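First up is the structure itself, then whatever we jot down about it.
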Amino acid sequence: MIMRDSTVHRRTKETDVTVTLELDGTGEADIDTGVGFLNHMLTLFAVHGHFDLTVRATGDLDVDCHHTWKMWP
């Protein structure tokens, strides 16, 4: 079976984000963005989509969460 997974890393002046997605997973989610609502929504997305998702995001949250939030199209 072909593994359908990918890891993407993006760094800007304000953020540093790494995302790993495995489409044929079990609904495992390991999310840490520093933004509680975003963590919650990405966890639900993975669990209900039955894929595995790992997200590590750091950003200038002392200013606001808009840079971390804007990393998601």
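Scheme for the structure tokens: letters A, B, ... for chains in order shown; per-chain residue numbers from 1; ligand numbers from 1 in order shown.
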Near Leu23 in chain A, within 7 Å and counting only C-alpha atoms, which residues show up once chain neighbours fewer than 5 positions away are dropped, as number ranges by chain? A: 4-5, 51-52
Same residues, all heavy atoms, output as a compact mmCIF listing (two decimals), in the first residue's frame:
```txt
# COMPACT_ATOMS: atom_id res chain seq x y z
N ARG A 4 0.13 7.66 2.02
CA ARG A 4 -0.29 8.99 1.57
C ARG A 4 -0.09 9.95 2.74
O ARG A 4 -0.98 10.21 3.53
CB ARG A 4 -1.74 8.97 1.12
CG ARG A 4 -1.95 8.03 -0.06
CD ARG A 4 -3.34 8.09 -0.61
NE ARG A 4 -4.36 7.84 0.39
CZ ARG A 4 -5.64 8.21 0.26
NH1 ARG A 4 -6.04 8.84 -0.83
NH2 ARG A 4 -6.50 7.94 1.21
N ASP A 5 1.15 10.48 2.82
CA ASP A 5 1.47 11.39 3.90
C ASP A 5 2.44 12.46 3.40
O ASP A 5 3.07 12.30 2.36
CB ASP A 5 2.05 10.66 5.10
CG ASP A 5 3.34 9.92 4.79
OD1 ASP A 5 3.72 9.82 3.61
OD2 ASP A 5 3.97 9.43 5.73
N PHE A 51 -7.94 10.91 9.80
CA PHE A 51 -6.55 10.97 9.36
C PHE A 51 -5.70 11.46 10.53
O PHE A 51 -6.23 11.96 11.51
CB PHE A 51 -6.36 11.85 8.12
CG PHE A 51 -6.93 13.24 8.25
CD1 PHE A 51 -6.23 14.23 8.90
CD2 PHE A 51 -8.17 13.55 7.70
CE1 PHE A 51 -6.74 15.51 9.01
CE2 PHE A 51 -8.69 14.82 7.80
CZ PHE A 51 -7.97 15.80 8.46
N ASP A 52 -4.39 11.26 10.43
CA ASP A 52 -3.48 11.68 11.48
C ASP A 52 -2.90 13.03 11.13
O ASP A 52 -2.49 13.27 9.99
CB ASP A 52 -2.36 10.65 11.67
CG ASP A 52 -2.88 9.30 12.13
OD1 ASP A 52 -4.04 9.23 12.57
OD2 ASP A 52 -2.12 8.32 12.05
```
Excluding same-chain residues fewer than 6 positions from Asp30 in chain A, what lies within 8 Å of it counting only C-alpha atoms, as number ranges by chain? A: 43, 53-55
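Between Asp60 in chain A and the residues A:His40, A:Thr15, A:Val47, A:Glu28, the shortest atom-to-atom distance, using only C-alpha atoms, involves A:Thr15.
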